file upload.cif (mmCIF, C-alpha atoms and all ligand atoms)
data_upload
loop_
_atom_site.label_atom_id
_atom_site.label_comp_id
_atom_site.auth_asym_id
_atom_site.auth_seq_id
_atom_site.Cartn_x
_atom_site.Cartn_y
_atom_site.Cartn_z
CA MET T 1 0.00 0.00 0.00
CA VAL T 2 1.30 3.46 -0.88
CA ASN T 3 2.36 5.58 2.01
CA THR T 4 0.40 8.82 1.78
CA GLN T 5 2.70 10.67 4.18
CA GLN T 6 5.84 9.86 2.21
CA LYS T 7 4.21 10.78 -1.05
CA LEU T 8 2.93 14.05 0.37
CA LYS T 9 6.39 14.90 1.65
CA LYS T 10 7.88 14.34 -1.79
CA TYR T 11 5.27 16.50 -3.48
CA LEU T 12 5.61 19.30 -0.91
CA GLU T 13 9.37 19.37 -1.51
CA GLU T 14 8.77 19.58 -5.23
CA ILE T 15 6.30 22.45 -4.75
CA LYS T 16 8.74 24.32 -2.54
CA LYS T 17 11.50 23.87 -5.09
CA ASN T 18 9.61 24.64 -8.30
CA ASP T 19 6.34 26.38 -7.45
CA GLN T 20 7.29 28.75 -4.66
CA LYS T 21 10.97 29.17 -5.53
CA GLY T 22 13.02 28.13 -8.57
CA ASN T 23 10.79 27.91 -11.65
CA LYS T 24 7.88 29.54 -9.82
CA ILE T 25 5.27 27.82 -11.90
CA ASN T 26 2.56 29.39 -9.71
CA ALA T 27 0.23 26.41 -9.84
CA PHE T 28 -0.90 26.67 -6.21
CA LEU T 29 -2.48 29.66 -4.46
CA GLN T 30 -2.78 27.94 -1.10
CA LEU T 31 -1.54 24.70 0.43
CA ASN T 32 -3.72 22.72 2.82
CA PRO T 33 -2.29 23.43 6.32
CA ASN T 34 -3.81 20.19 7.64
CA ALA T 35 -2.48 17.94 4.88
CA LYS T 36 0.17 16.23 7.05
CA ASP T 37 -2.32 15.32 9.79
CA GLU T 38 -4.85 14.15 7.25
CA ALA T 39 -2.20 11.97 5.54
CA LYS T 40 -1.30 10.41 8.87
CA LYS T 41 -4.92 9.60 9.55
CA ILE T 42 -5.33 7.99 6.12
CA ASP T 43 -2.20 5.86 6.59
CA SER T 44 -3.39 4.62 9.96
CA LYS T 45 -6.74 3.42 8.63
CA ARG T 46 -7.28 -0.30 8.42
CA ASN T 47 -9.82 -0.24 5.58
CA LYS T 48 -8.73 2.31 3.06
CA GLY T 49 -10.84 3.90 0.34
CA LYS T 50 -10.33 3.80 -3.44
CA LEU T 51 -8.31 7.02 -3.48
CA ALA T 52 -5.98 6.24 -0.57
CA GLY T 53 -2.48 7.34 -1.49
CA TYR T 54 -3.65 9.85 -4.12
CA ILE T 55 -2.67 13.48 -3.62
CA ILE T 56 -5.08 15.90 -5.27
CA GLY T 57 -5.04 19.60 -6.22
CA VAL T 58 -8.31 21.55 -6.46
CA LYS T 59 -9.18 24.52 -8.66
CA SER T 60 -9.79 27.59 -6.51
CA ALA T 61 -13.39 27.79 -7.73
CA ILE T 62 -14.42 24.70 -5.72
CA ASN T 63 -15.34 24.84 -2.04
CA VAL T 64 -13.03 22.84 0.22
CA LYS T 65 -13.95 23.46 3.84
CA GLY T 66 -11.53 25.83 5.57
CA LEU T 67 -9.56 26.66 2.42
CA ASN T 68 -9.71 29.80 0.29
CA ALA T 69 -11.97 29.37 -2.74
CA SER T 70 -10.83 32.69 -4.18
CA CYS T 71 -11.50 32.01 -7.87
CA ALA T 72 -8.09 33.69 -8.19
CA SER T 73 -9.84 37.03 -7.63
CA LYS T 74 -9.36 39.80 -5.09
CA THR T 75 -13.16 39.72 -4.75
CA LEU T 76 -12.99 36.49 -2.76
CA GLU T 77 -9.52 37.02 -1.29
CA ASN T 78 -10.73 36.37 2.24
CA TYR T 79 -13.46 33.85 1.53
CA LYS T 80 -12.90 30.69 3.54
CA ALA T 81 -15.12 27.91 2.27
CA PRO T 82 -17.62 26.99 5.00
CA TYR T 83 -18.40 23.56 3.56
CA ASP T 84 -17.13 20.85 1.20
CA ALA T 85 -18.49 20.66 -2.35
CA THR T 86 -20.21 17.30 -2.95
CA ILE T 87 -17.30 16.01 -5.01
CA ILE T 88 -14.81 16.98 -2.28
CA LYS T 89 -16.85 15.10 0.27
CA LYS T 90 -16.85 12.06 -2.02
CA ILE T 91 -13.08 12.30 -2.48
CA LYS T 92 -12.47 12.57 1.26
CA ASP T 93 -14.80 9.62 1.90
CA GLU T 94 -12.55 7.56 -0.40
CA ASP T 95 -9.39 8.78 1.40
CA GLY T 96 -8.10 11.08 -1.33
CA LEU T 97 -5.89 13.82 0.15
CA ILE T 98 -6.39 17.47 -0.86
CA ILE T 99 -2.97 19.11 -1.05
CA GLY T 100 -4.11 22.64 -1.91
CA MET T 101 -5.97 25.14 -4.05
CA ASN T 102 -4.85 25.68 -7.64
CA ASN T 103 -4.41 28.94 -9.48
CA CYS T 104 -6.80 29.67 -12.38
CA ASP T 105 -8.06 32.46 -14.59
CA GLU T 106 -10.03 34.97 -12.54
CA PHE T 107 -13.52 33.54 -11.99
CA CYS T 108 -12.58 30.83 -14.52
CA LEU T 109 -12.81 33.28 -17.40
CA GLY T 110 -9.99 32.88 -19.85
CA GLY T 111 -8.07 30.37 -21.86
CA SER T 112 -4.51 31.18 -20.91
CA GLY T 113 -4.22 31.31 -17.12
CA GLU T 114 -3.10 34.93 -17.39
CA THR T 115 -6.18 36.65 -15.94
CA SER T 116 -5.54 35.39 -12.37
CA ALA T 117 -5.19 38.24 -9.87
CA TYR T 118 -2.21 36.31 -8.47
CA GLY T 119 -0.16 36.13 -11.67
CA PRO T 120 -0.09 33.68 -14.55
CA THR T 121 0.67 29.97 -14.23
CA LYS T 122 3.71 28.98 -16.26
CA ASN T 123 3.68 25.96 -18.52
CA PRO T 124 5.89 23.30 -16.87
CA LYS T 125 6.93 22.01 -20.32
CA ASN T 126 8.19 25.42 -21.38
CA LEU T 127 8.29 28.12 -18.73
CA ARG T 128 7.98 31.02 -21.17
CA LEU T 129 4.60 29.81 -22.43
CA ILE T 130 1.10 30.01 -20.99
CA SER T 131 -0.19 26.87 -19.34
CA GLY T 132 -3.64 27.35 -20.85
CA GLY T 133 -6.76 27.98 -18.85
CA SER T 134 -8.86 28.49 -17.09
CA SER T 135 -7.88 25.49 -14.93
CA SER T 136 -4.25 26.54 -15.37
CA GLY T 137 -2.86 25.52 -11.99
CA SER T 138 -4.77 22.25 -11.94
CA ALA T 139 -3.18 21.08 -15.20
CA ALA T 140 0.25 22.57 -14.45
CA SER T 141 0.42 20.97 -10.99
CA VAL T 142 -0.17 17.50 -12.47
CA SER T 143 2.25 18.14 -15.33
CA ALA T 144 4.96 19.51 -12.98
CA ASN T 145 4.59 16.53 -10.64
CA PHE T 146 3.29 18.53 -7.67
CA CYS T 147 0.42 16.06 -7.13
CA ASP T 148 -1.11 12.93 -8.66
CA MET T 149 -4.31 14.42 -9.96
CA SER T 150 -6.43 17.52 -9.78
CA LEU T 151 -9.91 18.89 -10.30
CA GLY T 152 -10.76 21.53 -12.86
CA SER T 153 -13.99 23.00 -14.19
CA ASP T 154 -14.96 23.33 -17.83
CA THR T 155 -17.53 25.76 -19.22
CA GLY T 156 -16.11 26.04 -22.72
CA GLY T 157 -12.88 24.07 -22.53
CA SER T 158 -11.18 24.99 -19.28
CA ILE T 159 -10.20 21.43 -18.35
CA ARG T 160 -9.23 20.25 -21.83
CA ASN T 161 -7.41 23.42 -22.89
CA PRO T 162 -4.70 23.50 -20.17
CA SER T 163 -4.49 19.69 -20.22
CA SER T 164 -3.62 19.87 -23.90
CA HIS T 165 -0.99 22.60 -23.44
CA CYS T 166 0.60 20.94 -20.39
CA GLY T 167 0.65 17.38 -21.78
CA VAL T 168 -1.77 15.71 -19.34
CA VAL T 169 -5.17 14.00 -19.50
CA GLY T 170 -8.32 16.08 -18.87
CA VAL T 171 -11.98 15.00 -18.89
CA LYS T 172 -15.09 17.14 -19.35
CA PRO T 173 -17.82 14.79 -18.20
CA THR T 174 -21.38 14.76 -19.58
CA TYR T 175 -23.45 17.69 -18.35
CA GLY T 176 -25.35 16.39 -15.34
CA SER T 177 -23.07 13.48 -14.52
CA VAL T 178 -20.98 15.23 -11.83
CA SER T 179 -22.46 17.41 -9.09
CA ARG T 180 -21.72 21.12 -9.31
CA TYR T 181 -22.82 21.77 -5.74
CA GLY T 182 -20.00 23.80 -4.22
CA LEU T 183 -18.60 25.03 -7.54
CA ILE T 184 -18.59 28.80 -7.92
CA ASP T 185 -20.27 28.90 -11.29
CA VAL T 186 -19.46 30.70 -14.52
CA SER T 187 -22.49 29.62 -16.49
CA MET T 188 -24.73 27.09 -14.87
CA SER T 189 -26.08 25.57 -18.06
CA LEU T 190 -22.59 24.73 -19.30
CA ASP T 191 -20.25 24.14 -16.31
CA GLN T 192 -18.91 20.71 -15.40
CA ILE T 193 -16.25 19.65 -12.92
CA GLY T 194 -13.82 16.98 -14.08
CA PRO T 195 -10.48 15.24 -13.44
CA ILE T 196 -7.02 16.13 -14.69
CA THR T 197 -4.54 13.27 -14.39
CA LYS T 198 -1.31 11.71 -15.66
CA ASN T 199 -3.07 8.90 -17.54
CA VAL T 200 -6.48 7.67 -18.66
CA ASN T 201 -6.85 5.01 -15.96
CA GLU T 202 -6.44 7.53 -13.17
CA ALA T 203 -8.94 9.85 -14.85
CA ALA T 204 -11.41 6.97 -14.88
CA LEU T 205 -10.70 6.24 -11.21
CA LEU T 206 -11.30 9.84 -10.09
CA LEU T 207 -14.36 10.16 -12.34
CA SER T 208 -15.84 6.98 -10.86
CA VAL T 209 -15.61 8.58 -7.41
CA ILE T 210 -17.04 12.01 -8.23
CA SER T 211 -19.90 11.11 -10.62
CA GLY T 212 -23.47 10.34 -9.69
CA LYS T 213 -26.74 11.87 -8.62
CA ASP T 214 -26.67 14.51 -5.92
CA GLU T 215 -29.81 15.88 -4.32
CA ASN T 216 -28.09 19.27 -4.01
CA ASP T 217 -27.76 19.54 -7.80
CA SER T 218 -31.06 18.79 -9.47
CA ILE T 219 -29.49 18.47 -12.93
CA THR T 220 -27.46 15.42 -11.90
CA ARG T 221 -28.52 11.88 -12.58
CA ASP T 222 -27.09 8.44 -12.08
CA SER T 223 -25.56 6.87 -15.11
CA GLU T 224 -24.07 3.46 -15.73
CA LYS T 225 -21.25 2.81 -13.25
CA LEU T 226 -17.79 2.95 -14.78
CA ASN T 227 -16.17 -0.46 -15.03
CA LEU T 228 -12.53 0.32 -14.37
CA ARG T 229 -11.18 -3.05 -15.46
CA GLU T 230 -12.96 -2.88 -18.81
CA ILE T 231 -11.10 0.35 -19.62
CA GLU T 232 -8.12 -1.82 -20.63
CA LYS T 233 -10.20 -3.64 -23.28
CA ILE T 234 -9.76 -2.40 -26.82
CA PRO T 235 -13.23 -1.78 -28.21
CA LYS T 236 -14.08 -3.44 -31.52
CA ASN T 237 -15.81 -2.08 -34.64
CA ILE T 238 -15.36 1.53 -33.65
CA ILE T 239 -16.33 4.18 -36.17
CA VAL T 240 -14.32 7.35 -35.66
CA GLY T 241 -15.82 10.57 -36.96
CA VAL T 242 -13.43 13.22 -38.21
CA LEU T 243 -14.58 16.71 -39.06
CA GLU T 244 -14.16 18.42 -42.40
CA PHE T 245 -13.58 21.58 -40.33
CA LYS T 246 -9.84 22.24 -40.73
CA ILE T 247 -7.83 24.41 -38.37
CA LYS T 248 -5.27 26.98 -39.45
CA ASP T 249 -2.21 25.41 -37.87
CA GLN T 250 -1.54 22.61 -40.34
CA ARG T 251 1.13 21.06 -38.12
CA ILE T 252 -1.43 20.33 -35.40
CA GLN T 253 -4.00 19.06 -37.90
CA LYS T 254 -1.44 16.75 -39.53
CA LEU T 255 -0.20 15.38 -36.24
CA ILE T 256 -3.75 14.46 -35.19
CA ASP T 257 -4.80 13.17 -38.65
CA ASP T 258 -1.72 10.90 -38.83
CA LYS T 259 -2.37 9.58 -35.37
CA ILE T 260 -6.03 8.80 -36.11
CA LYS T 261 -4.96 6.89 -39.22
CA LYS T 262 -2.36 4.92 -37.28
CA VAL T 263 -4.86 4.03 -34.57
CA ALA T 264 -7.53 3.01 -37.09
CA ASP T 265 -5.06 0.80 -38.99
CA LYS T 266 -3.83 -0.85 -35.84
CA TYR T 267 -7.24 -1.66 -34.36
CA GLY T 268 -9.29 -2.09 -37.55
CA TRP T 269 -11.47 0.94 -36.69
CA LYS T 270 -13.24 2.81 -39.49
CA ILE T 271 -12.90 6.52 -40.19
CA LYS T 272 -15.90 8.52 -41.35
CA LYS T 273 -15.70 12.11 -42.54
CA LEU T 274 -18.33 14.40 -41.08
CA GLU T 275 -19.66 17.81 -41.84
CA MET T 276 -21.26 19.85 -39.10
CA GLU T 277 -23.45 22.70 -40.20
CA PHE T 278 -23.29 24.78 -37.05
CA LEU T 279 -19.81 24.04 -35.78
CA ASP T 280 -18.20 27.30 -36.82
CA LEU T 281 -20.93 29.20 -34.98
CA ALA T 282 -20.13 27.58 -31.64
CA VAL T 283 -17.95 30.39 -30.27
CA GLU T 284 -20.53 33.02 -31.22
CA ILE T 285 -23.34 31.03 -29.63
CA TYR T 286 -21.35 30.40 -26.47
CA TYR T 287 -20.36 33.92 -25.47
CA PRO T 288 -23.82 35.53 -25.15
CA LEU T 289 -24.85 32.60 -22.92
CA VAL T 290 -21.78 32.94 -20.74
CA TYR T 291 -21.96 36.72 -20.56
CA VAL T 292 -25.58 36.68 -19.38
CA GLU T 293 -25.31 33.76 -16.97
CA PHE T 294 -22.03 35.00 -15.52
CA PHE T 295 -23.40 38.52 -15.09
CA SER T 296 -26.45 37.20 -13.27
CA GLY T 297 -24.33 34.93 -11.02
CA THR T 298 -22.04 37.79 -10.01
CA ARG T 299 -24.88 39.89 -8.58
CA ARG T 300 -24.25 38.12 -5.26
CA PHE T 301 -20.71 39.54 -5.09
CA ASP T 302 -22.06 42.92 -4.04
CA GLY T 303 -19.64 43.42 -1.16
CA ARG T 304 -22.20 42.60 1.54
CA ARG T 305 -21.69 38.88 1.95
CA TYR T 306 -18.60 37.61 0.18
CA GLY T 307 -15.74 40.02 0.51
CA ARG T 308 -15.40 42.91 -1.88
CA ARG T 309 -17.71 44.22 -4.57
CA ILE T 310 -16.72 42.53 -7.80
CA GLU T 311 -16.82 45.68 -9.97
CA GLU T 312 -14.36 47.40 -7.64
CA VAL T 313 -11.57 44.84 -7.71
CA ALA T 314 -11.92 42.47 -10.66
CA GLY T 315 -9.71 42.50 -13.75
CA PRO T 316 -10.64 43.50 -17.32
CA GLU T 317 -11.94 40.13 -18.55
CA VAL T 318 -14.38 39.84 -15.64
CA LEU T 319 -15.53 43.43 -16.17
CA ARG T 320 -15.96 42.87 -19.91
CA ARG T 321 -18.35 40.02 -19.20
CA ILE T 322 -20.28 41.85 -16.50
CA LEU T 323 -20.73 44.82 -18.80
CA GLY T 324 -21.54 42.66 -21.82
CA GLY T 325 -23.94 40.52 -19.77
CA SER T 326 -25.83 43.53 -18.43
CA GLU T 327 -26.13 45.03 -21.93
CA ILE T 328 -27.42 41.77 -23.42
CA THR T 329 -29.88 41.38 -20.56
CA ARG T 330 -31.17 44.89 -21.28
CA SER T 331 -31.80 44.11 -24.97
CA GLU T 332 -33.34 40.81 -24.09
CA TYR T 333 -36.95 41.83 -24.40
CA HIS T 334 -36.34 41.51 -28.13
CA GLY T 335 -34.95 38.00 -27.48
CA ARG T 336 -32.03 39.15 -29.54
CA TYR T 337 -29.02 37.41 -28.07
CA TYR T 338 -29.57 35.12 -25.12
CA HIS T 339 -32.72 33.48 -26.42
CA LYS T 340 -31.38 33.17 -29.91
CA SER T 341 -28.22 31.57 -28.52
CA LEU T 342 -30.30 29.12 -26.51
CA LYS T 343 -32.12 28.08 -29.68
CA ALA T 344 -28.85 27.69 -31.55
CA LYS T 345 -27.43 25.67 -28.66
CA LYS T 346 -30.31 23.24 -29.14
CA LEU T 347 -29.47 22.92 -32.85
CA ILE T 348 -25.89 21.97 -32.01
CA GLU T 349 -27.12 19.46 -29.48
CA GLU T 350 -29.42 17.86 -32.07
CA GLU T 351 -26.69 17.83 -34.67
CA PHE T 352 -24.43 15.88 -32.31
CA GLU T 353 -27.25 13.48 -31.42
CA ASN T 354 -27.72 12.65 -35.10
CA ILE T 355 -24.00 12.22 -35.66
CA PHE T 356 -23.71 9.81 -32.74
CA LYS T 357 -26.24 7.54 -34.47
CA LYS T 358 -23.56 7.05 -37.14
CA VAL T 359 -20.24 7.17 -35.29
CA ASP T 360 -18.92 6.08 -31.89
CA CYS T 361 -16.75 9.12 -31.30
CA ILE T 362 -15.47 12.27 -32.95
CA ILE T 363 -11.75 12.97 -32.82
CA THR T 364 -10.29 16.46 -33.26
CA PRO T 365 -7.27 18.40 -32.10
CA THR T 366 -8.14 19.75 -28.62
CA ILE T 367 -6.85 23.25 -29.32
CA PRO T 368 -6.44 24.76 -32.80
CA ARG T 369 -3.19 26.58 -32.00
CA LEU T 370 -0.06 26.27 -29.89
CA PRO T 371 0.16 28.25 -26.62
CA HIS T 372 1.45 31.83 -26.85
CA LYS T 373 4.20 33.41 -24.75
CA ILE T 374 3.16 34.70 -21.35
CA GLY T 375 2.39 38.41 -21.66
CA GLU T 376 2.17 38.38 -25.46
CA LYS T 377 -0.70 40.57 -26.60
CA ILE T 378 -3.33 38.64 -28.50
CA SER T 379 -6.76 39.92 -29.53
CA VAL T 380 -9.91 39.03 -27.60
CA LYS T 381 -11.13 37.16 -30.68
CA ASP T 382 -7.94 35.06 -30.91
CA MET T 383 -8.18 34.34 -27.20
CA TYR T 384 -11.81 33.21 -27.56
CA ASP T 385 -10.91 31.10 -30.61
CA TYR T 386 -8.63 28.89 -28.51
CA ASP T 387 -11.82 27.09 -27.50
CA ALA T 388 -13.39 26.70 -30.95
CA LEU T 389 -13.13 22.90 -30.78
CA THR T 390 -13.94 22.42 -27.09
CA ILE T 391 -16.99 24.71 -26.78
CA PRO T 392 -19.26 22.53 -29.00
CA SER T 393 -19.30 19.73 -26.40
CA ASN T 394 -20.32 22.14 -23.65
CA LEU T 395 -23.16 23.45 -25.81
CA ALA T 396 -24.31 19.90 -26.57
CA GLY T 397 -23.66 18.53 -23.07
CA ASN T 398 -21.51 15.65 -24.42
CA CYS T 399 -18.51 14.11 -22.70
CA ALA T 400 -15.04 14.77 -24.07
CA ILE T 401 -11.46 14.00 -23.11
CA SER T 402 -8.10 15.45 -24.10
CA ILE T 403 -5.10 13.12 -24.13
CA PRO T 404 -1.46 13.97 -24.94
CA SER T 405 -0.80 13.16 -28.54
CA GLY T 406 2.72 14.21 -29.41
CA GLU T 407 4.70 17.44 -29.54
CA ILE T 408 5.56 20.24 -31.92
CA ASN T 409 8.89 21.91 -31.10
CA GLY T 410 8.74 20.36 -27.64
CA ILE T 411 5.24 21.78 -26.97
CA PRO T 412 2.56 19.20 -26.13
CA VAL T 413 -0.43 18.80 -28.44
CA GLY T 414 -3.66 17.23 -27.22
CA MET T 415 -6.14 15.04 -29.06
CA GLN T 416 -9.81 15.44 -28.19
CA ILE T 417 -12.17 12.47 -28.21
CA ILE T 418 -15.86 13.41 -27.98
CA CYS T 419 -18.60 10.87 -27.23
CA ASP T 420 -22.35 11.03 -26.81
CA LYS T 421 -23.90 11.95 -23.46
CA PHE T 422 -23.25 9.44 -20.67
CA LYS T 423 -20.91 7.36 -22.85
CA GLU T 424 -17.91 7.91 -20.58
CA GLN T 425 -17.11 4.20 -20.45
CA LYS T 426 -16.74 3.99 -24.22
CA MET T 427 -14.87 7.30 -24.37
CA LEU T 428 -12.34 6.19 -21.76
CA GLN T 429 -11.83 2.83 -23.50
CA ILE T 430 -11.16 4.54 -26.82
CA ALA T 431 -8.81 7.02 -25.12
CA ARG T 432 -6.93 4.27 -23.30
CA SER T 433 -6.55 2.26 -26.53
CA ILE T 434 -4.97 5.30 -28.19
CA GLU T 435 -2.81 6.10 -25.16
CA LYS T 436 -1.47 2.53 -25.19
CA LEU T 437 -0.10 2.86 -28.68
CA ASP T 438 2.57 5.24 -27.40
CA ILE T 439 3.97 2.79 -24.90
N1 LIG J 501 -12.09 30.23 -22.27
C1 LIG J 501 -13.51 30.10 -22.08
C2 LIG J 501 -14.06 31.36 -21.47
O1 LIG J 501 -13.27 32.20 -21.15
C3 LIG J 501 -13.79 28.89 -21.25
C4 LIG J 501 -13.83 29.11 -19.79
C5 LIG J 501 -14.16 27.89 -19.00
O2 LIG J 501 -14.30 26.80 -19.55
N2 LIG J 501 -14.32 28.08 -17.71
O3 LIG J 501 -15.24 31.50 -21.31
#

call {"tool": "encode", "arguments": {"input": "upload.cif", "output": "structure tokens"}}
result
Amino acid sequence: MVNTQQKLKKYLEEIKKNDQKGNKINAFLQLNPNAKDEAKKIDSKRNKGKLAGYIIGVKSAINVKGLNASCASKTLENYKAPYDATIIKKIKDEDGLIIGMNNCDEFCLGGSGETSAYGPTKNPKNLRLISGGSSSGSAASVSANFCDMSLGSDTGGSIRNPSSHCGVVGVKPTYGSVSRYGLIDVSMSLDQIGPITKNVNEAALLLSVISGKDENDSITRDSEKLNLREIEKIPKNIIVGVLEFKIKDQRIQKLIDDKIKKVADKYGWKIKKLEMEFLDLAVEIYYPLVYVEFFSGTRRFDGRRYGRRIEEVAGPEVLRRILGGSEITRSEYHGRYYHKSLKAKKLIEEEFENIFKKVDCIITPTIPRLPHKIGEKISVKDMYDYDALTIPSNLAGNCAISIPSGEINGIPVGMQIICDKFKEQKMLQIARSIEKLDI
């Protein structure tokens, strides 16, 4: 049995050396002051849970009792979580150890990790580059070997995006499969919490612990239990959908296309080309929804209950969305933006449902471009376009995973595998089959 205390010690040394000093990756905003005692308690247990020996980082947007769920914002600088989110409770019940709170984009808005009020998270694979976002610290801490696994949240790509850039595995589960109770939300019709790990099997393990119906989140429902042993089985007769939609960076497209071909040849899977009518509208559909839902959610940060008034202390991206959200809400009696976006969201959902009658999964690059240098000025549009291939699954509510799939100039590139709602078992089996080919 793994010794949690020894493992924790090793990780804390690593964090001291490369997160707080040295490389200063800036993946953690706070370490759990009780971690050593908690590790001792876990080690002394006779019957240990499924996650005993696993050391876990948590995005600062998730409530962990006694720790600072700051959302990397000055607004919540002094907010000590008064309770555990449902998923944290489940993790603790299975003896997982929370090592600390991860850095992220402020209020989870961003795709680079640069909007945090506490400075950007560096990419452990290349310290001059962004780590991706918004779950920047969660992905970087796994990639830098500061912990075994972490939790991120994904509204439009925030788990898959940094996982792709940092060379780790990240899962956006089906909407409604993991409780969001205790997550400080961006956009409640799109958000999902999910695991970031070093390999597919560990993602499956963590997902098996955190999924399931929760009476505190009425959207959740029970789905088929994940069979962890079956993940090793290579599924037969798989039809892989690939999109006609081509991204600008041909190097990324080629790397993924070649890999899909190799995988299909090896396992006898079929490849089917697909066209999606509404795919290139996804980013435009997504933002009005997020602006409005985020704006409405932030009305509680009025300075009376949770620290400071958001408009007084938040950074430009947060303010842009509050302003945009309030404007859209004002024009809404014409149903111009929000309601139109909701209708278009439904079209995307239906389009995916039809496609999944013909194929088992869709494989794409996770991110259409390589990460930029920290501090490099890029336009708002370019920043939003980072998520062009991840947003569609949030709009449709599907599950999707990003797995490392090679490198370009030493920078990791992720492959995204999208499956139909509640088909996590199949998705993880396909992902594991592909992951195995690299061994
Ligand atoms: N980059 C996207 C945004 O800024 C996604 C954020 C997320 O998934 N939390 O809205």

call {"tool": "residues_near_ligand", "arguments": {"input": "upload.cif", "ligand": "ligand LIG 501 (chain J)", "cutoff": "8 Å", "atoms": "all atoms listed in the file", "output": "list of chain:residue names"}}
result
T:Phe107, T:Cys108, T:Leu109, T:Gly110, T:Gly111, T:Ser112, T:Gly133, T:Ser134, T:Ser135, T:Ser153, T:Asp154, T:Thr155, T:Gly156, T:Gly157, T:Ser158, T:Ile159, T:Val186, T:Asp191, T:Tyr287, T:Val290, T:Met383, T:Tyr384, T:Tyr386, T:Asp387, T:Ile391

call {"tool": "atom_distance", "arguments": {"input": "upload.cif", "atom1": "atom CA of T:Ser208", "atom2": "atom CA of T:Asp360"}}
result
21.3 Å

call {"tool": "closest_residue", "arguments": {"input": "upload.cif", "among": "T:Gly241, T:Gly100, T:Pro392, T:Gly22", "to": "T:Leu347", "atoms": "all atoms listed in the file"}}
result
T:Pro392

call {"tool": "closest_residue", "arguments": {"input": "upload.cif", "among": "T:Cys361, T:Leu67, T:Ile62, T:Leu205", "to": "T:Ile231", "atoms": "all atoms listed in the file"}}
result
T:Leu205

call {"tool": "residues_near_point", "arguments": {"input": "upload.cif", "point": "(6.3, 19.2, -17.1)", "cutoff": "8 Å", "atoms": "all atoms listed in the file", "output": "list in words"}}
result
Asn123, Pro124, Lys125, Asn126, Ala140, Ser143, Ala144, Asn145, Cys166 and Gly167 of chain T

call {"tool": "atom_distance", "arguments": {"input": "upload.cif", "atom1": "atom CA of T:Glu332", "atom2": "atom CA of T:Tyr181"}}
result
28.5 Å

call {"tool": "decode", "arguments": {"input": "upload.cif", "residues": "stretch 40-51 of chain T", "atoms": "N, CA and C atoms", "output": "compact mmCIF listing (two decimals), in the first residue's frame"}}
result
# COMPACT_ATOMS: atom_id res chain seq x y z
N LYS T 40 -1.59 11.35 7.77
CA LYS T 40 -1.30 10.41 8.87
C LYS T 40 -2.55 9.58 9.19
N LYS T 41 -3.65 10.27 9.25
CA LYS T 41 -4.92 9.60 9.55
C LYS T 41 -5.24 8.55 8.47
N ILE T 42 -5.03 8.93 7.22
CA ILE T 42 -5.33 7.99 6.12
C ILE T 42 -4.43 6.75 6.24
N ASP T 43 -3.13 6.99 6.50
CA ASP T 43 -2.20 5.86 6.59
C ASP T 43 -2.53 4.92 7.75
N SER T 44 -3.13 5.48 8.80
CA SER T 44 -3.39 4.62 9.96
C SER T 44 -4.70 3.85 9.84
N LYS T 45 -5.46 4.12 8.80
CA LYS T 45 -6.74 3.42 8.63
C LYS T 45 -6.54 1.96 8.24
N ARG T 46 -7.39 1.12 8.78
CA ARG T 46 -7.28 -0.30 8.42
C ARG T 46 -7.92 -0.56 7.04
N ASN T 47 -9.16 -0.07 6.89
CA ASN T 47 -9.82 -0.24 5.58
C ASN T 47 -9.75 1.07 4.81
N LYS T 48 -8.93 1.06 3.79
CA LYS T 48 -8.73 2.31 3.06
C LYS T 48 -9.64 2.41 1.84
N GLY T 49 -9.96 3.66 1.49
CA GLY T 49 -10.84 3.90 0.34
C GLY T 49 -10.09 3.79 -0.99
N LYS T 50 -10.86 3.93 -2.07
CA LYS T 50 -10.33 3.80 -3.44
C LYS T 50 -9.24 4.79 -3.78
N LEU T 51 -9.28 5.97 -3.12
CA LEU T 51 -8.31 7.02 -3.48
C LEU T 51 -7.18 7.15 -2.46
